[in-house]
>>> print(open('protein.cif').read())   # mmCIF, C-alpha atoms and all ligand atoms
data_model
loop_
_atom_site.label_atom_id
_atom_site.label_comp_id
_atom_site.auth_asym_id
_atom_site.auth_seq_id
_atom_site.Cartn_x
_atom_site.Cartn_y
_atom_site.Cartn_z
CA MET A 30 -5.86 30.68 -9.40
CA ALA A 31 -3.39 30.99 -6.50
CA ASP A 32 -5.40 34.02 -5.31
CA ILE A 33 -8.50 31.80 -5.02
CA TYR A 34 -7.08 28.57 -3.66
CA SER A 35 -4.60 28.52 -0.82
CA ALA A 36 -2.64 25.89 1.03
CA ILE A 37 -3.33 25.17 4.69
CA LYS A 38 -0.42 24.60 7.04
CA ILE A 39 -0.84 21.38 9.03
CA SER A 40 2.59 21.27 10.73
CA GLU A 41 5.84 23.24 10.78
CA SER A 42 6.92 21.90 7.35
CA VAL A 43 3.75 20.45 5.81
CA TYR A 44 0.89 22.09 3.92
CA TRP A 45 -2.39 20.57 2.77
CA VAL A 46 -2.61 21.29 -0.97
CA GLY A 47 -5.51 19.03 -1.94
CA ALA A 48 -8.84 19.67 -3.64
CA ILE A 49 -12.43 19.75 -2.45
CA ASP A 50 -14.98 17.86 -4.54
CA TRP A 51 -18.31 19.29 -3.41
CA THR A 52 -20.44 17.46 -5.97
CA ILE A 53 -19.29 13.83 -6.20
CA ARG A 54 -22.21 11.58 -5.27
CA ASP A 55 -20.99 8.13 -6.31
CA PHE A 56 -17.60 6.58 -5.62
CA HIS A 57 -17.59 3.29 -7.53
CA GLY A 58 -20.91 2.25 -6.07
CA TYR A 59 -20.53 3.94 -2.68
CA ARG A 60 -22.96 6.84 -2.34
CA THR A 61 -21.17 9.99 -1.19
CA PRO A 62 -23.92 12.49 -0.35
CA HIS A 63 -21.48 14.85 1.36
CA GLY A 64 -18.83 15.02 -1.37
CA SER A 65 -15.15 14.34 -0.72
CA THR A 66 -11.68 15.80 -0.70
CA TYR A 67 -8.57 14.50 -2.45
CA ASN A 68 -5.76 15.35 -0.10
CA ALA A 69 -2.25 16.08 -1.31
CA TYR A 70 0.49 17.37 0.96
CA LEU A 71 3.50 19.58 0.33
CA VAL A 72 6.56 18.97 2.48
CA MET A 73 8.73 22.09 2.51
CA ALA A 74 12.03 20.30 3.02
CA ASP A 75 15.34 21.01 1.28
CA LYS A 76 13.95 18.61 -1.31
CA ILE A 77 10.43 19.98 -1.71
CA THR A 78 8.15 16.94 -1.82
CA LEU A 79 4.57 16.47 -2.92
CA ILE A 80 2.80 13.52 -1.25
CA ASP A 81 0.11 12.14 -3.56
CA THR A 82 -1.80 14.14 -6.13
CA VAL A 83 -5.53 14.52 -6.85
CA LYS A 84 -8.23 13.33 -9.24
CA LYS A 85 -7.51 14.55 -12.76
CA PRO A 86 -10.09 17.39 -13.05
CA PHE A 87 -8.76 18.91 -9.81
CA MET A 88 -5.11 19.30 -10.85
CA GLU A 89 -5.29 23.08 -11.32
CA GLU A 90 -6.83 23.51 -7.88
CA MET A 91 -4.00 21.47 -6.33
CA LEU A 92 -1.27 23.35 -8.22
CA ALA A 93 -2.86 26.68 -7.26
CA ARG A 94 -2.71 25.68 -3.59
CA VAL A 95 0.95 24.67 -4.08
CA ALA A 96 1.62 28.02 -5.78
CA SER A 97 0.33 29.84 -2.71
CA VAL A 98 3.40 28.42 -0.90
CA VAL A 99 6.04 27.88 -3.60
CA ASP A 100 6.34 27.85 -7.37
CA PRO A 101 5.24 24.30 -8.37
CA SER A 102 8.32 24.01 -10.60
CA LYS A 103 10.38 23.97 -7.37
CA ILE A 104 8.94 20.58 -6.38
CA ASP A 105 11.84 18.11 -6.31
CA TYR A 106 10.13 14.85 -5.40
CA ILE A 107 6.66 13.36 -5.76
CA VAL A 108 5.64 10.37 -3.62
CA SER A 109 2.66 8.25 -4.62
CA ASN A 110 1.35 6.43 -1.56
CA HIS A 111 -1.60 4.95 -3.48
CA SER A 112 -2.08 4.55 -7.22
CA GLU A 113 -5.91 4.68 -7.38
CA GLN A 114 -6.89 7.39 -9.82
CA ASP A 115 -8.39 9.77 -7.27
CA HIS A 116 -4.77 10.22 -6.12
CA SER A 117 -2.79 9.59 -9.29
CA GLY A 118 -5.10 10.55 -12.17
CA CYS A 119 -3.22 13.77 -12.92
CA LEU A 120 0.28 12.47 -12.12
CA THR A 121 1.41 12.43 -15.77
CA GLN A 122 0.30 16.05 -16.26
CA VAL A 123 1.82 17.14 -12.93
CA ILE A 124 5.15 15.53 -13.86
CA ALA A 125 5.06 17.35 -17.22
CA ARG A 126 4.39 20.70 -15.50
CA VAL A 127 6.65 20.34 -12.48
CA ARG A 128 9.46 18.23 -13.94
CA PRO A 129 10.43 16.76 -10.57
CA GLU A 130 13.84 15.23 -10.05
CA LYS A 131 12.32 11.92 -8.89
CA VAL A 132 8.98 10.20 -8.38
CA PHE A 133 8.63 7.42 -5.81
CA ALA A 134 6.10 4.66 -5.15
CA SER A 135 6.07 1.15 -3.67
CA ALA A 136 7.16 -1.63 -6.05
CA MET A 137 3.49 -2.50 -6.65
CA GLY A 138 2.75 1.19 -7.03
CA VAL A 139 5.33 1.46 -9.81
CA LYS A 140 3.64 -1.44 -11.65
CA ASN A 141 0.14 -0.07 -11.11
CA LEU A 142 1.05 3.46 -12.17
CA GLY A 143 2.60 2.01 -15.33
CA ASP A 144 -0.63 0.12 -16.12
CA ILE A 145 -2.84 3.08 -15.28
CA LEU A 146 -0.92 6.04 -16.70
CA HIS A 147 1.33 4.49 -19.38
CA GLY A 148 3.76 7.38 -18.86
CA ASP A 149 7.21 7.52 -20.40
CA TYR A 150 8.87 8.61 -17.14
CA ALA A 151 10.65 6.48 -14.56
CA ILE A 152 9.16 5.97 -11.11
CA GLN A 153 11.58 4.80 -8.47
CA PRO A 154 10.42 1.92 -6.23
CA VAL A 155 10.88 2.23 -2.48
CA ARG A 156 10.90 -0.67 -0.04
CA ASP A 157 9.09 -1.20 3.22
CA GLY A 158 11.21 0.47 5.92
CA GLU A 159 13.31 2.47 3.45
CA THR A 160 14.30 6.02 4.36
CA LEU A 161 14.41 8.79 1.79
CA SER A 162 16.51 11.83 2.67
CA LEU A 163 14.84 15.15 1.87
CA GLY A 164 18.00 16.97 2.91
CA ASN A 165 17.12 18.51 6.26
CA MET A 166 14.54 15.81 7.13
CA ASP A 167 13.72 12.22 6.25
CA LEU A 168 10.70 10.43 4.89
CA LYS A 169 10.29 6.77 5.80
CA PHE A 170 8.00 4.29 4.04
CA MET A 171 5.80 1.53 5.42
CA GLU A 172 4.07 -0.84 3.03
CA THR A 173 0.39 -1.31 3.89
CA ARG A 174 -0.55 -3.76 1.14
CA MET A 175 -4.28 -4.23 0.69
CA ILE A 176 -5.28 -1.17 2.68
CA HIS A 177 -6.87 -1.12 0.35
CA TRP A 178 -4.86 -1.82 -2.83
CA PRO A 179 -1.72 -3.94 -3.31
CA ASP A 180 0.39 -0.80 -3.82
CA SER A 181 -0.74 1.09 -0.72
CA MET A 182 1.89 2.50 1.62
CA PHE A 183 2.22 5.04 4.41
CA SER A 184 4.91 7.74 4.49
CA TRP A 185 6.31 8.98 7.81
CA LEU A 186 7.82 12.41 8.37
CA GLU A 187 9.49 12.02 11.75
CA LYS A 188 10.56 15.65 12.06
CA ASP A 189 6.94 16.85 12.35
CA GLY A 190 5.37 13.56 13.52
CA VAL A 191 3.16 13.37 10.42
CA LEU A 192 1.96 10.00 9.12
CA PHE A 193 0.63 10.26 5.56
CA SER A 194 -1.82 7.36 5.58
CA GLN A 195 -3.39 7.50 2.08
CA ASP A 196 -6.97 6.13 2.25
CA ALA A 197 -6.71 4.81 5.83
CA PHE A 198 -8.42 6.98 8.48
CA GLY A 199 -10.12 8.95 5.70
CA MET A 200 -13.72 9.77 4.89
CA HIS A 201 -15.71 11.14 1.99
CA LEU A 202 -16.62 14.54 3.40
CA ALA A 203 -16.27 17.90 1.66
CA THR A 204 -15.71 20.70 4.19
CA PHE A 205 -13.71 23.88 4.55
CA GLU A 206 -12.67 22.62 7.98
CA ARG A 207 -9.31 20.92 7.40
CA PHE A 208 -8.92 19.41 10.86
CA ALA A 209 -11.07 16.73 12.46
CA ASP A 210 -11.18 18.61 15.77
CA GLU A 211 -13.10 21.42 14.03
CA LEU A 212 -15.99 19.02 13.26
CA PRO A 213 -18.53 17.29 15.55
CA ALA A 214 -17.41 13.87 16.82
CA ASP A 215 -20.67 12.14 15.81
CA MET A 216 -20.28 13.42 12.23
CA LEU A 217 -16.67 12.17 12.12
CA GLU A 218 -17.62 8.76 13.48
CA TYR A 219 -20.52 8.35 11.03
CA GLU A 220 -18.50 9.41 7.99
CA ALA A 221 -15.40 7.40 8.97
CA ALA A 222 -17.55 4.32 9.68
CA THR A 223 -19.35 4.63 6.35
CA TYR A 224 -15.99 4.95 4.60
CA TYR A 225 -14.54 1.97 6.48
CA ALA A 226 -17.60 -0.21 5.75
CA ASN A 227 -17.68 0.65 2.06
CA ILE A 228 -13.93 0.70 1.28
CA VAL A 229 -11.72 -0.87 3.94
CA LEU A 230 -13.90 -3.61 5.48
CA PRO A 231 -12.68 -6.64 3.45
CA TYR A 232 -9.12 -5.90 4.51
CA SER A 233 -9.82 -5.78 8.25
CA PRO A 234 -7.21 -8.48 9.12
CA VAL A 235 -4.58 -6.36 7.32
CA VAL A 236 -5.76 -3.24 9.19
CA LEU A 237 -5.15 -4.97 12.52
CA LYS A 238 -1.61 -5.91 11.42
CA ALA A 239 -0.93 -2.36 10.19
CA LEU A 240 -2.14 -0.87 13.49
CA GLU A 241 0.25 -3.24 15.31
CA LYS A 242 3.07 -2.35 12.90
CA VAL A 243 2.60 1.39 13.48
CA ALA A 244 2.42 0.85 17.27
CA ALA A 245 5.60 -1.27 17.18
CA SER A 246 7.44 1.27 15.02
CA GLY A 247 7.93 3.61 17.95
CA TRP A 248 6.82 6.50 15.75
CA ALA A 249 5.43 9.33 17.86
CA VAL A 250 2.56 10.18 15.53
CA LYS A 251 1.20 13.67 16.17
CA ILE A 252 -0.74 14.10 12.93
CA LEU A 253 -2.58 11.57 10.80
CA ALA A 254 -2.85 12.91 7.27
CA PRO A 255 -5.21 10.76 5.16
CA ASP A 256 -6.02 11.17 1.47
CA HIS A 257 -9.70 12.02 2.06
CA GLY A 258 -11.49 14.20 4.60
CA PRO A 259 -10.05 16.06 7.56
CA VAL A 260 -6.57 15.79 9.07
CA TRP A 261 -6.34 14.29 12.57
CA ARG A 262 -4.15 16.38 14.91
CA LYS A 263 -5.81 15.92 18.34
CA ASP A 264 -6.93 12.81 20.22
CA LEU A 265 -5.65 10.38 17.58
CA GLY A 266 -6.89 7.55 19.82
CA PHE A 267 -10.43 8.44 18.70
CA ILE A 268 -9.92 7.23 15.12
CA LEU A 269 -7.30 4.58 15.95
CA ASP A 270 -9.62 2.93 18.50
CA LEU A 271 -12.53 3.04 16.05
CA TYR A 272 -10.37 1.36 13.39
CA LYS A 273 -9.41 -1.37 15.84
CA LYS A 274 -13.06 -1.93 16.81
CA TRP A 275 -14.26 -2.01 13.19
CA ALA A 276 -11.40 -4.29 12.13
CA LEU A 277 -12.16 -6.79 14.91
CA GLN A 278 -15.84 -6.92 13.86
CA LYS A 279 -17.00 -8.35 17.16
CA PRO A 280 -20.72 -9.17 17.03
CA VAL A 281 -22.99 -6.77 18.89
CA ALA A 282 -26.66 -7.01 19.93
CA LYS A 283 -27.93 -5.55 16.70
CA ALA A 284 -29.67 -7.10 13.71
CA VAL A 285 -29.97 -5.67 10.22
CA VAL A 286 -33.01 -6.80 8.24
CA VAL A 287 -32.70 -6.03 4.53
CA TYR A 288 -35.44 -6.81 2.05
CA ALA A 289 -37.13 -5.94 -1.23
CA THR A 290 -40.82 -6.48 -1.84
CA MET A 291 -43.26 -6.56 -4.78
CA TRP A 292 -46.73 -6.54 -3.22
CA HIS A 293 -45.84 -5.95 0.45
CA SER A 294 -45.92 -9.66 1.37
CA THR A 295 -42.14 -9.86 1.93
CA GLU A 296 -42.44 -6.51 3.68
CA GLN A 297 -45.01 -7.89 6.15
CA MET A 298 -42.64 -10.78 6.80
CA ALA A 299 -39.68 -8.40 7.31
CA GLU A 300 -41.66 -6.38 9.82
CA ALA A 301 -42.68 -9.52 11.74
CA VAL A 302 -39.02 -10.62 11.88
CA ALA A 303 -37.88 -7.15 12.97
CA GLU A 304 -40.60 -6.79 15.65
CA SER A 305 -39.60 -10.11 17.13
CA LEU A 306 -35.87 -9.24 17.15
CA ALA A 307 -36.66 -5.94 18.87
CA ARG A 308 -38.88 -7.67 21.44
CA GLU A 309 -35.92 -9.91 22.26
CA GLY A 310 -33.89 -6.81 23.10
CA LEU A 311 -31.81 -6.41 19.95
CA ARG A 312 -31.30 -3.08 18.27
CA VAL A 313 -32.85 -3.50 14.84
CA LYS A 314 -32.33 -1.68 11.57
CA LEU A 315 -35.01 -2.49 9.00
CA LEU A 316 -34.01 -1.45 5.49
CA SER A 317 -36.18 -1.72 2.40
CA MET A 318 -34.05 -1.86 -0.72
CA ASN A 319 -36.97 -0.24 -2.51
CA ASP A 320 -35.50 3.00 -1.17
CA ALA A 321 -32.32 2.36 0.87
CA HIS A 322 -28.87 2.53 -0.72
CA ARG A 323 -26.32 -0.27 -0.54
CA SER A 324 -23.82 2.06 1.22
CA GLU A 325 -26.30 2.53 4.07
CA VAL A 326 -26.65 -1.25 4.43
CA LEU A 327 -22.88 -1.61 4.78
CA TYR A 328 -22.78 1.17 7.39
CA GLU A 329 -25.45 -0.63 9.42
CA VAL A 330 -23.82 -4.06 9.04
CA LEU A 331 -20.39 -2.77 10.18
CA GLU A 332 -21.47 -3.02 13.81
CA ALA A 333 -24.05 -5.81 13.94
CA GLY A 334 -24.44 -9.41 15.01
CA ALA A 335 -27.02 -10.58 12.47
CA LEU A 336 -27.93 -10.05 8.85
CA ILE A 337 -31.37 -11.25 7.81
CA VAL A 338 -32.37 -10.92 4.18
CA GLY A 339 -35.66 -11.21 2.33
CA SER A 340 -36.92 -10.96 -1.22
CA SER A 341 -39.91 -11.69 -3.36
CA THR A 342 -39.20 -14.00 -6.29
CA LEU A 343 -39.36 -12.26 -9.67
CA ASN A 344 -38.95 -14.37 -12.83
CA ASN A 345 -37.15 -17.16 -10.91
CA ASN A 346 -34.73 -14.76 -9.21
CA MET A 347 -34.49 -12.47 -6.23
CA LEU A 348 -35.52 -8.88 -6.93
CA PRO A 349 -32.74 -6.91 -8.66
CA GLN A 350 -32.37 -4.50 -5.72
CA MET A 351 -31.51 -7.48 -3.51
CA ALA A 352 -29.12 -8.97 -6.09
CA ASP A 353 -27.36 -5.59 -6.10
CA VAL A 354 -26.89 -5.31 -2.35
CA MET A 355 -26.03 -9.00 -1.92
CA THR A 356 -23.27 -8.75 -4.56
CA TYR A 357 -21.96 -5.61 -2.86
CA LEU A 358 -22.08 -7.26 0.59
CA LYS A 359 -20.32 -10.36 -0.71
CA GLY A 360 -17.42 -8.26 -2.01
CA LEU A 361 -17.04 -6.30 1.21
CA LYS A 362 -16.94 -9.49 3.34
CA PRO A 363 -18.57 -8.52 6.63
CA ALA A 364 -17.51 -11.10 9.25
CA ASN A 365 -18.85 -12.77 12.40
CA LEU A 366 -22.52 -12.57 11.46
CA VAL A 367 -25.38 -15.00 11.89
CA GLY A 368 -28.37 -14.81 9.60
CA ALA A 369 -31.40 -16.23 7.86
CA ALA A 370 -33.54 -15.66 4.76
CA PHE A 371 -37.24 -15.19 4.03
CA GLY A 372 -39.55 -14.13 1.23
CA SER A 373 -42.72 -14.58 -0.75
CA PHE A 374 -43.34 -15.95 -4.24
CA GLY A 375 -46.08 -16.52 -6.79
CA TRP A 376 -45.19 -19.91 -8.27
CA SER A 377 -41.50 -20.87 -8.19
CA GLY A 378 -39.84 -19.32 -5.09
CA GLU A 379 -36.10 -19.38 -5.92
CA ALA A 380 -35.26 -16.09 -4.15
CA VAL A 381 -35.14 -17.42 -0.59
CA LYS A 382 -32.96 -20.40 -1.55
CA ASP A 383 -30.65 -18.12 -3.53
CA LEU A 384 -30.43 -15.57 -0.70
CA GLU A 385 -29.53 -18.31 1.75
CA ALA A 386 -26.85 -19.62 -0.64
CA MET A 387 -25.36 -16.13 -0.93
CA LEU A 388 -25.32 -15.73 2.85
CA ARG A 389 -23.42 -19.02 3.09
CA GLU A 390 -20.95 -17.82 0.43
CA MET A 391 -20.43 -14.71 2.56
CA LYS A 392 -19.72 -17.02 5.53
CA VAL A 393 -22.78 -15.76 7.39
CA GLU A 394 -23.78 -18.60 9.72
CA ILE A 395 -27.35 -19.66 8.96
CA VAL A 396 -29.01 -20.20 12.33
CA SER A 397 -32.68 -20.52 11.39
CA GLU A 398 -34.79 -22.36 8.87
CA PRO A 399 -35.87 -19.98 6.10
CA VAL A 400 -39.48 -18.82 5.87
CA SER A 401 -41.00 -18.86 2.40
CA VAL A 402 -44.64 -18.26 1.50
CA LYS A 403 -46.78 -18.38 -1.61
CA HIS A 404 -48.32 -14.95 -2.19
CA VAL A 405 -49.59 -13.30 1.01
CA PRO A 406 -48.44 -14.46 4.48
CA SER A 407 -51.13 -15.84 6.79
CA ARG A 408 -51.02 -15.24 10.53
CA GLU A 409 -49.37 -18.66 10.86
CA VAL A 410 -46.59 -17.64 8.44
CA LEU A 411 -46.04 -14.35 10.28
CA GLU A 412 -45.66 -16.36 13.51
CA LYS A 413 -42.97 -18.39 11.73
CA CYS A 414 -41.24 -15.10 10.88
CA ALA A 415 -41.43 -14.10 14.54
CA LEU A 416 -39.90 -17.46 15.48
CA LEU A 417 -37.11 -16.81 12.96
CA GLY A 418 -36.46 -13.48 14.70
CA ARG A 419 -36.41 -15.10 18.18
CA THR A 420 -34.05 -17.84 16.98
CA VAL A 421 -31.62 -15.36 15.44
CA ALA A 422 -31.78 -13.12 18.54
CA ALA A 423 -30.94 -16.07 20.80
CA GLU A 424 -27.93 -16.95 18.65
CA VAL A 425 -26.66 -13.35 18.65
CA LYS A 426 -26.98 -13.16 22.45
CA LYS A 427 -25.09 -16.46 22.75
CA ARG A 428 -22.21 -15.07 20.68
CA ILE A 429 -21.92 -11.72 22.43
CA SER A 430 -21.92 -13.37 25.87
CA VAL A 431 -18.87 -15.52 24.98
FE1 LIG B 501 -8.92 7.27 -2.36
FE2 LIG B 501 -8.29 4.04 -2.91
O1 LIG B 501 -8.45 5.82 -3.39
#
>>> encode(input="protein.cif", output="structure tokens", more="lines below")
Ligand code: FEO
Amino acid sequence: MADIYSAIKISESVYWVGAIDWTIRDFHGYRTPHGSTYNAYLVMADKITLIDTVKKPFMEEMLARVASVVDPSKIDYIVSNHSEQDHSGCLTQVIARVRPEKVFASAMGVKNLGDILHGDYAIQPVRDGETLSLGNMDLKFMETRMIHWPDSMFSWLEKDGVLFSQDAFGMHLATFERFADELPADMLEYEAATYYANIVLPYSPVVLKALEKVAASGWAVKILAPDHGPVWRKDLGFILDLYKKWALQKPVAKAVVVYATMWHSTEQMAEAVAESLAREGLRVKLLSMNDAHRSEVLYEVLEAGALIVGSSTLNNNMLPQMADVMTYLKGLKPANLVGAAFGSFGWSGEAVKDLEAMLREMKVEIVSEPVSVKHVPSREVLEKCALLGRTVAAEVKKRISV
């Protein structure tokens, strides 16, 4: 397969030897309409080193790309920066084929890989700040716990200025272009933001610390080599500044209204709320969970000041589409939002109360009374929805002016 798949040189000593997954459409609940890549990197040092591997079905593709540079059996070291199975799933088989001298991971990585792979080989733990000699160059490790797993770490190849950043600065995007500067900036920003919102968001405080740690390290980073999507080799400030902005999660003059409806009553209410927010000058994204996907909601919420949610009541509960997105939102912990709830019901009306309780659990500040209506909203009820929108808009403006 080496005549089909080839490695791509990303620096004097480093080759991209990953795999392109053109068809993946779901990444544990995150919709990936544009596929992904699993990036692995080959460092052609005295000790030939493979940084990360790929998802199990893509092992042959990765080894074929390696073989276009060097016989895979010549690999001396393997470094696992992140033990999630899209980067470690084939590690046992790769070790059996390559028979490397040593395999390295963070201490948590060693534990995780043991629990995931149950291999009978030893993996050597490396510490934060430790330097590994590759003979004619060094690799240095930086623990980045909880970006986005406890085992996560970066590896730094000073000789070429390459920071191998595992999932950080990545995106789910299958392309033949290997470098970010070969792709349009708006595409990069959209895909990186969607990735951040759906994978990295809950660990934003850790991201800020990691950005500070990298800045304080004095490392002159020339290339950011993530485990998904294109490699960053020009204008690194573009993605670093975006990460800082997303991690800070400062509220902006934008509201996201998310709802699910049975007979269009909750929908009428959602539209009244959204119209009022827009009239007050906020940018508004109105998403019906009857057709939107939870990943899209997270993308929209990443840069917003308000989250307003609505549902009809079905059998004493919110509609299942809303339960889905609320559970997903709760796990991804968007911060610094104000919000409110609304909805219609036939006889019991639990959905609005339950939505409001979930917003509180998510630490969304409730700034308006909920609006709840039996069956179809009257003009008076729609005016209450408009008032809800005005109240939320005023609170968002207050927060962004501070
Ligand atoms: Fe790309 Fe967290 O795995």
>>> closest_residue(input="protein.cif", among="A:Met175, A:Val326, A:Ile77, A:Leu168", to="Val235 (chain A)", atoms="only C-alpha atoms")
A:Met175
>>> residues_near_ligand(input="protein.cif", ligand="ligand LIG 501 (chain B)", cutoff="7 Å", atoms="all atoms listed in the file", output="JSON, numbers by chain")
{"A": [111, 113, 114, 115, 116, 177, 178, 196, 256, 257]}
>>> atom_distance(input="protein.cif", atom1="CA of Phe205 (chain A)", atom2="CA of Asp81 (chain A)")
19.9 Å
>>> closest_residue(input="protein.cif", among="A:Leu336, A:Leu361, A:Val405, A:Met391", to="Ser324 (chain A)", atoms="all atoms listed in the file")
A:Leu361
>>> closest_residue(input="protein.cif", among="A:Glu300, A:Glu172, A:Asp353, A:Asp167", to="Val155 (chain A)", atoms="only C-alpha atoms")
A:Glu172
>>> closest_residue(input="protein.cif", among="A:Val250, A:Leu315, A:Met30, A:Leu358", to="Leu92 (chain A)", atoms="only C-alpha atoms")
A:Met30
>>> residues_around(input="protein.cif", residues="Glu412 (chain A)", least_positions_apart="4", cutoff="12 Å", atoms="only C-alpha atoms", output="list of chain:residue names")
A:Gln297, A:Met298, A:Ala299, A:Glu300, A:Ala301, A:Val302, A:Glu304, A:Ser305, A:Val400, A:Pro406, A:Ser407, A:Arg408, A:Leu416, A:Leu417, A:Gly418, A:Arg419
>>> write_last_selection(input="protein.cif", atoms="C-alpha atoms", output="short mmCIF file (atom, residue, chain, number, x, y, z; two decimals), in the frame of the given file")
data_model
loop_
_atom_site.label_atom_id
_atom_site.label_comp_id
_atom_site.auth_asym_id
_atom_site.auth_seq_id
_atom_site.Cartn_x
_atom_site.Cartn_y
_atom_site.Cartn_z
CA GLN A 297 -45.01 -7.89 6.15
CA MET A 298 -42.64 -10.78 6.80
CA ALA A 299 -39.68 -8.40 7.31
CA GLU A 300 -41.66 -6.38 9.82
CA ALA A 301 -42.68 -9.52 11.74
CA VAL A 302 -39.02 -10.62 11.88
CA GLU A 304 -40.60 -6.79 15.65
CA SER A 305 -39.60 -10.11 17.13
CA VAL A 400 -39.48 -18.82 5.87
CA PRO A 406 -48.44 -14.46 4.48
CA SER A 407 -51.13 -15.84 6.79
CA ARG A 408 -51.02 -15.24 10.53
CA LEU A 416 -39.90 -17.46 15.48
CA LEU A 417 -37.11 -16.81 12.96
CA GLY A 418 -36.46 -13.48 14.70
CA ARG A 419 -36.41 -15.10 18.18
#
>>> closest_residue(input="protein.cif", among="A:Val330, A:Asp144, A:Arg312, A:Ser340", to="Glu296 (chain A)", atoms="only C-alpha atoms")
A:Ser340
>>> atom_distance(input="protein.cif", atom1="CA of Val99 (chain A)", atom2="CA of Leu120 (chain A)")
18.5 Å
>>> closest_residue(input="protein.cif", among="A:Arg207, A:Lys392, A:His322, A:His293", to="Pro62 (chain A)", atoms="all atoms listed in the file")
A:His322
>>> atom_distance(input="protein.cif", atom1="CA of Pro129 (chain A)", atom2="CA of Thr82 (chain A)")
13.3 Å
>>> residues_near_point(input="protein.cif", point="(-15.4, -14.3, 3.1)", cutoff="12 Å", atoms="all atoms listed in the file", output="ChimeraX atom specification")
/A:230-234,358-366,387-394
>>> write_last_selection(input="protein.cif", atoms="C-alpha atoms", output="PDB file, keeping the file's coordinate frame")
ATOM      1  CA  LEU A 230     -13.900  -3.610   5.480  1.00  0.00           C
ATOM      2  CA  PRO A 231     -12.680  -6.640   3.450  1.00  0.00           C
ATOM      3  CA  TYR A 232      -9.120  -5.900   4.510  1.00  0.00           C
ATOM      4  CA  SER A 233      -9.820  -5.780   8.250  1.00  0.00           C
ATOM      5  CA  PRO A 234      -7.210  -8.480   9.120  1.00  0.00           C
ATOM      6  CA  LEU A 358     -22.080  -7.260   0.590  1.00  0.00           C
ATOM      7  CA  LYS A 359     -20.320 -10.360  -0.710  1.00  0.00           C
ATOM      8  CA  GLY A 360     -17.420  -8.260  -2.010  1.00  0.00           C
ATOM      9  CA  LEU A 361     -17.040  -6.300   1.210  1.00  0.00           C
ATOM     10  CA  LYS A 362     -16.940  -9.490   3.340  1.00  0.00           C
ATOM     11  CA  PRO A 363     -18.570  -8.520   6.630  1.00  0.00           C
ATOM     12  CA  ALA A 364     -17.510 -11.100   9.250  1.00  0.00           C
ATOM     13  CA  ASN A 365     -18.850 -12.770  12.400  1.00  0.00           C
ATOM     14  CA  LEU A 366     -22.520 -12.570  11.460  1.00  0.00           C
ATOM     15  CA  MET A 387     -25.360 -16.130  -0.930  1.00  0.00           C
ATOM     16  CA  LEU A 388     -25.320 -15.730   2.850  1.00  0.00           C
ATOM     17  CA  ARG A 389     -23.420 -19.020   3.090  1.00  0.00           C
ATOM     18  CA  GLU A 390     -20.950 -17.820   0.430  1.00  0.00           C
ATOM     19  CA  MET A 391     -20.430 -14.710   2.560  1.00  0.00           C
ATOM     20  CA  LYS A 392     -19.720 -17.020   5.530  1.00  0.00           C
ATOM     21  CA  VAL A 393     -22.780 -15.760   7.390  1.00  0.00           C
ATOM     22  CA  GLU A 394     -23.780 -18.600   9.720  1.00  0.00           C
TER      23      GLU A 394
END
>>> residues_around(input="protein.cif", residues="Lys251 (chain A)", least_positions_apart="2", cutoff="12 Å", atoms="only C-alpha atoms", output="list of chain:residue names")
A:Ile39, A:Ser40, A:Glu41, A:Trp185, A:Leu186, A:Glu187, A:Lys188, A:Asp189, A:Gly190, A:Val191, A:Leu192, A:Phe193, A:Trp248, A:Ala249, A:Leu253, A:Ala254, A:Val260, A:Trp261, A:Arg262, A:Lys263, A:Asp264, A:Leu265, A:Gly266
>>> residues_around(input="protein.cif", residues="Glu206 (chain A)", least_positions_apart="6", cutoff="10 Å", atoms="all atoms listed in the file", output="MDAnalysis selection string")
chainID A and resid 212 258:260
>>> residues_around(input="protein.cif", residues="Asp149 (chain A)", least_positions_apart="2", cutoff="12 Å", atoms="all atoms listed in the file", output="ChimeraX atom specification")
/A:120-122,124-125,142-144,146-147,151-152
>>> write_last_selection(input="protein.cif", atoms="C-alpha atoms", output="PDB file, keeping the file's coordinate frame")
ATOM      1  CA  LEU A 120       0.280  12.470 -12.120  1.00  0.00           C
ATOM      2  CA  THR A 121       1.410  12.430 -15.770  1.00  0.00           C
ATOM      3  CA  GLN A 122       0.300  16.050 -16.260  1.00  0.00           C
ATOM      4  CA  ILE A 124       5.150  15.530 -13.860  1.00  0.00           C
ATOM      5  CA  ALA A 125       5.060  17.350 -17.220  1.00  0.00           C
ATOM      6  CA  LEU A 142       1.050   3.460 -12.170  1.00  0.00           C
ATOM      7  CA  GLY A 143       2.600   2.010 -15.330  1.00  0.00           C
ATOM      8  CA  ASP A 144      -0.630   0.120 -16.120  1.00  0.00           C
ATOM      9  CA  LEU A 146      -0.920   6.040 -16.700  1.00  0.00           C
ATOM     10  CA  HIS A 147       1.330   4.490 -19.380  1.00  0.00           C
ATOM     11  CA  ALA A 151      10.650   6.480 -14.560  1.00  0.00           C
ATOM     12  CA  ILE A 152       9.160   5.970 -11.110  1.00  0.00           C
TER      13      ILE A 152
END
